[in-house]
Amino acid sequence: MSTPGQAAQRPSSHRQRVSRQVRLRRTVAVATALVLLGSIGYRQVTKDDGDPVRAVPAAAQGSSATSPAAKPSATSSATNAEDGSPTTETTAPDAKSVPQNGNGKITVVAVPEVKAATSGRTVRYTVEIEGGLGVDPAAVASTVQSVLLDSRGWQKIDGIRFVNVTPAEEERGAQVDIRVTLASPGLTDKLCAPMRTLSQVSCWNGERSVLNLRRWVLGDDSYGADVARYREYQVNHEVGHGLGHQHRSCPAPGERAPVMVQQTLSLGGCKPWPYPSGA
């Protein structure tokens, strides 16, 4: 335990991070309390990516799914501490800028044309976005595609090849294995039901990797201000469920977290890592 003098010497960034985490836990604690009101005993609640777990006191849940709010700031170039690769760090927008609901209509969007891998089991995917979210569909589609086709991604690990299904092909009834869907917090709750996402987290349900807009825009404390890096984790984690992968635990303190660790909730002593390879 630190003395008052020691605490005063901590960097301001540390104090801000702790403050965010305290507000974070309070938000999820209130949301969980509302869900549990009127219930007898424990009910099923959702942590991290929508998978049901036994309800536990909020104080025991560790880092949770909401990210409160930092003010917008200029983008700055940085170096990823994990592998030395360049990354872009931005401070997440204010949480109030994230709409609770879109228009409820999901649309398949086009991704950039690229040469698909020539070997491996074919996994057909779409990128889909709810209307009224205020996002750039082309940017979302490009991000999802780049994550799926990255050399550190599931293609290499699982011996598969991701093949995009275009809007026209989907309309004609083409087979789709995984629908990567960006949805408002309100629609996320509906798409993930009966799992309880509390408008805070993402999930895999049926054939959908549901990406909660709240997390897409704000990221999470596990990745600090690097929202772009968190999105890579968000896509890989939910698509990983679609490929049959289950949750994992941190193998040892200080190591990179496997992508199927519920990193939104807690790193368990590991370092954040958004890809299946390299952990």
# chains A, B, ... in the order shown; residues from 1 in each chain; ligands from 1
call {"tool": "select_by_dssp", "arguments": {"residues": "region 105-227 of chain A", "states": "helix (DSSP H, G or I)", "output": "number ranges by chain"}}
result
A: 137-149, 154-158, 167-171, 185-192, 213-218, 221-223, 227
call {"tool": "write_last_selection", "arguments": {"atoms": "C-alpha atoms", "output": "PDB file, in the first residue's frame"}}
result
ATOM      1  CA  PRO A 137     -18.809   2.565 -44.169  1.00  0.00           C
ATOM      2  CA  ALA A 138     -15.749   2.411 -46.424  1.00  0.00           C
ATOM      3  CA  ALA A 139     -13.399   2.984 -43.495  1.00  0.00           C
ATOM      4  CA  VAL A 140     -15.123   0.327 -41.372  1.00  0.00           C
ATOM      5  CA  ALA A 141     -15.038  -2.189 -44.222  1.00  0.00           C
ATOM      6  CA  SER A 142     -11.380  -1.504 -44.939  1.00  0.00           C
ATOM      7  CA  THR A 143     -10.458  -1.911 -41.260  1.00  0.00           C
ATOM      8  CA  VAL A 144     -12.290  -5.224 -40.878  1.00  0.00           C
ATOM      9  CA  GLN A 145     -10.794  -6.588 -44.082  1.00  0.00           C
ATOM     10  CA  SER A 146      -7.240  -5.570 -43.183  1.00  0.00           C
ATOM     11  CA  VAL A 147      -7.557  -7.263 -39.788  1.00  0.00           C
ATOM     12  CA  LEU A 148      -8.905 -10.497 -41.262  1.00  0.00           C
ATOM     13  CA  LEU A 149      -6.232 -10.657 -43.968  1.00  0.00           C
ATOM     14  CA  TRP A 154      -6.708 -16.397 -38.181  1.00  0.00           C
ATOM     15  CA  GLN A 155      -5.899 -17.364 -41.765  1.00  0.00           C
ATOM     16  CA  LYS A 156      -2.435 -18.519 -40.764  1.00  0.00           C
ATOM     17  CA  ILE A 157      -3.461 -20.051 -37.440  1.00  0.00           C
ATOM     18  CA  ASP A 158      -6.492 -21.984 -38.691  1.00  0.00           C
ATOM     19  CA  PRO A 167     -23.578  -6.828 -51.300  1.00  0.00           C
ATOM     20  CA  ALA A 168     -24.841  -8.092 -54.675  1.00  0.00           C
ATOM     21  CA  GLU A 169     -23.813 -11.677 -53.924  1.00  0.00           C
ATOM     22  CA  GLU A 170     -25.431 -11.578 -50.502  1.00  0.00           C
ATOM     23  CA  GLU A 171     -28.639 -10.216 -51.990  1.00  0.00           C
ATOM     24  CA  PRO A 185     -25.336  -0.453 -28.278  1.00  0.00           C
ATOM     25  CA  GLY A 186     -29.121  -0.844 -28.382  1.00  0.00           C
ATOM     26  CA  LEU A 187     -29.125  -3.153 -31.407  1.00  0.00           C
ATOM     27  CA  THR A 188     -26.139  -5.058 -30.020  1.00  0.00           C
ATOM     28  CA  ASP A 189     -28.254  -5.981 -27.017  1.00  0.00           C
ATOM     29  CA  LYS A 190     -30.965  -7.346 -29.330  1.00  0.00           C
ATOM     30  CA  LEU A 191     -28.608  -9.214 -31.671  1.00  0.00           C
ATOM     31  CA  CYS A 192     -26.750 -10.792 -28.753  1.00  0.00           C
ATOM     32  CA  LEU A 213     -20.270   0.719 -31.624  1.00  0.00           C
ATOM     33  CA  ARG A 214     -19.477   1.916 -28.098  1.00  0.00           C
ATOM     34  CA  ARG A 215     -16.334  -0.193 -27.993  1.00  0.00           C
ATOM     35  CA  TRP A 216     -15.506   0.539 -31.661  1.00  0.00           C
ATOM     36  CA  VAL A 217     -15.514   4.291 -30.999  1.00  0.00           C
ATOM     37  CA  LEU A 218     -14.186   4.444 -27.446  1.00  0.00           C
ATOM     38  CA  ASP A 221      -8.659   0.931 -20.899  1.00  0.00           C
ATOM     39  CA  SER A 222      -6.860  -2.313 -21.750  1.00  0.00           C
ATOM     40  CA  TYR A 223      -5.488  -0.586 -24.862  1.00  0.00           C
ATOM     41  CA  VAL A 227      -8.498   2.762 -30.209  1.00  0.00           C
TER      42      VAL A 227
END
call {"tool": "select_by_dssp", "arguments": {"residues": "region 95-240 of chain A", "states": "strand (DSSP E or B)", "output": "PyMOL selection string"}}
result
chain A and resi 106-109+121-130+160-164+178-183+203-205+208-212+226
call {"tool": "write_last_selection", "arguments": {"atoms": "C-alpha atoms", "output": "PDB file, in the first residue's frame"}}
result
ATOM      1  CA  ILE A 106     -28.402  -3.498 -41.250  1.00  0.00           C
ATOM      2  CA  THR A 107     -26.736  -3.082 -44.645  1.00  0.00           C
ATOM      3  CA  VAL A 108     -24.016  -5.179 -46.257  1.00  0.00           C
ATOM      4  CA  VAL A 109     -21.181  -2.911 -47.403  1.00  0.00           C
ATOM      5  CA  ARG A 121     -10.646 -23.789 -46.076  1.00  0.00           C
ATOM      6  CA  THR A 122     -12.883 -21.014 -47.384  1.00  0.00           C
ATOM      7  CA  VAL A 123     -14.666 -18.854 -44.823  1.00  0.00           C
ATOM      8  CA  ARG A 124     -17.105 -16.446 -46.461  1.00  0.00           C
ATOM      9  CA  TYR A 125     -17.785 -13.204 -44.630  1.00  0.00           C
ATOM     10  CA  THR A 126     -19.695  -9.970 -44.998  1.00  0.00           C
ATOM     11  CA  VAL A 127     -19.134  -6.594 -43.406  1.00  0.00           C
ATOM     12  CA  GLU A 128     -22.435  -5.130 -42.258  1.00  0.00           C
ATOM     13  CA  ILE A 129     -23.294  -1.802 -40.605  1.00  0.00           C
ATOM     14  CA  GLU A 130     -26.421  -0.538 -38.931  1.00  0.00           C
ATOM     15  CA  ILE A 160      -8.317 -20.861 -43.745  1.00  0.00           C
ATOM     16  CA  ARG A 161      -8.890 -18.152 -46.314  1.00  0.00           C
ATOM     17  CA  PHE A 162     -11.366 -15.343 -45.841  1.00  0.00           C
ATOM     18  CA  VAL A 163     -13.425 -14.575 -48.936  1.00  0.00           C
ATOM     19  CA  ASN A 164     -15.664 -11.526 -48.936  1.00  0.00           C
ATOM     20  CA  ILE A 178     -19.556 -14.976 -40.623  1.00  0.00           C
ATOM     21  CA  ARG A 179     -21.338 -11.642 -40.647  1.00  0.00           C
ATOM     22  CA  VAL A 180     -19.103  -8.987 -39.090  1.00  0.00           C
ATOM     23  CA  THR A 181     -21.706  -6.474 -37.972  1.00  0.00           C
ATOM     24  CA  LEU A 182     -21.117  -3.022 -36.467  1.00  0.00           C
ATOM     25  CA  ALA A 183     -24.195  -2.153 -34.414  1.00  0.00           C
ATOM     26  CA  CYS A 203     -20.556 -10.762 -28.796  1.00  0.00           C
ATOM     27  CA  TRP A 204     -20.694 -13.711 -31.154  1.00  0.00           C
ATOM     28  CA  ASN A 205     -24.211 -15.023 -31.674  1.00  0.00           C
ATOM     29  CA  ARG A 208     -22.783 -12.738 -36.363  1.00  0.00           C
ATOM     30  CA  SER A 209     -19.674 -11.187 -34.919  1.00  0.00           C
ATOM     31  CA  VAL A 210     -21.493  -8.234 -33.369  1.00  0.00           C
ATOM     32  CA  LEU A 211     -19.162  -5.293 -32.819  1.00  0.00           C
ATOM     33  CA  ASN A 212     -20.602  -2.840 -30.316  1.00  0.00           C
ATOM     34  CA  ASP A 226      -4.960   3.287 -28.933  1.00  0.00           C
TER      35      ASP A 226
END
call {"tool": "closest_residue", "arguments": {"among": "A:Glu113, A:Asp177, A:Glu232, A:Asp136", "to": "Gly244 (chain A)", "atoms": "only C-alpha atoms"}}
result
A:Asp177
call {"tool": "atom_distance", "arguments": {"atom1": "CA of Gln246 (chain A)", "atom2": "CA of Pro258 (chain A)"}}
result
11.1 Å
call {"tool": "closest_residue", "arguments": {"among": "A:Thr118, A:Ser184, A:Gln234, A:Ser97", "to": "Pro272 (chain A)", "atoms": "only C-alpha atoms"}}
result
A:Gln234
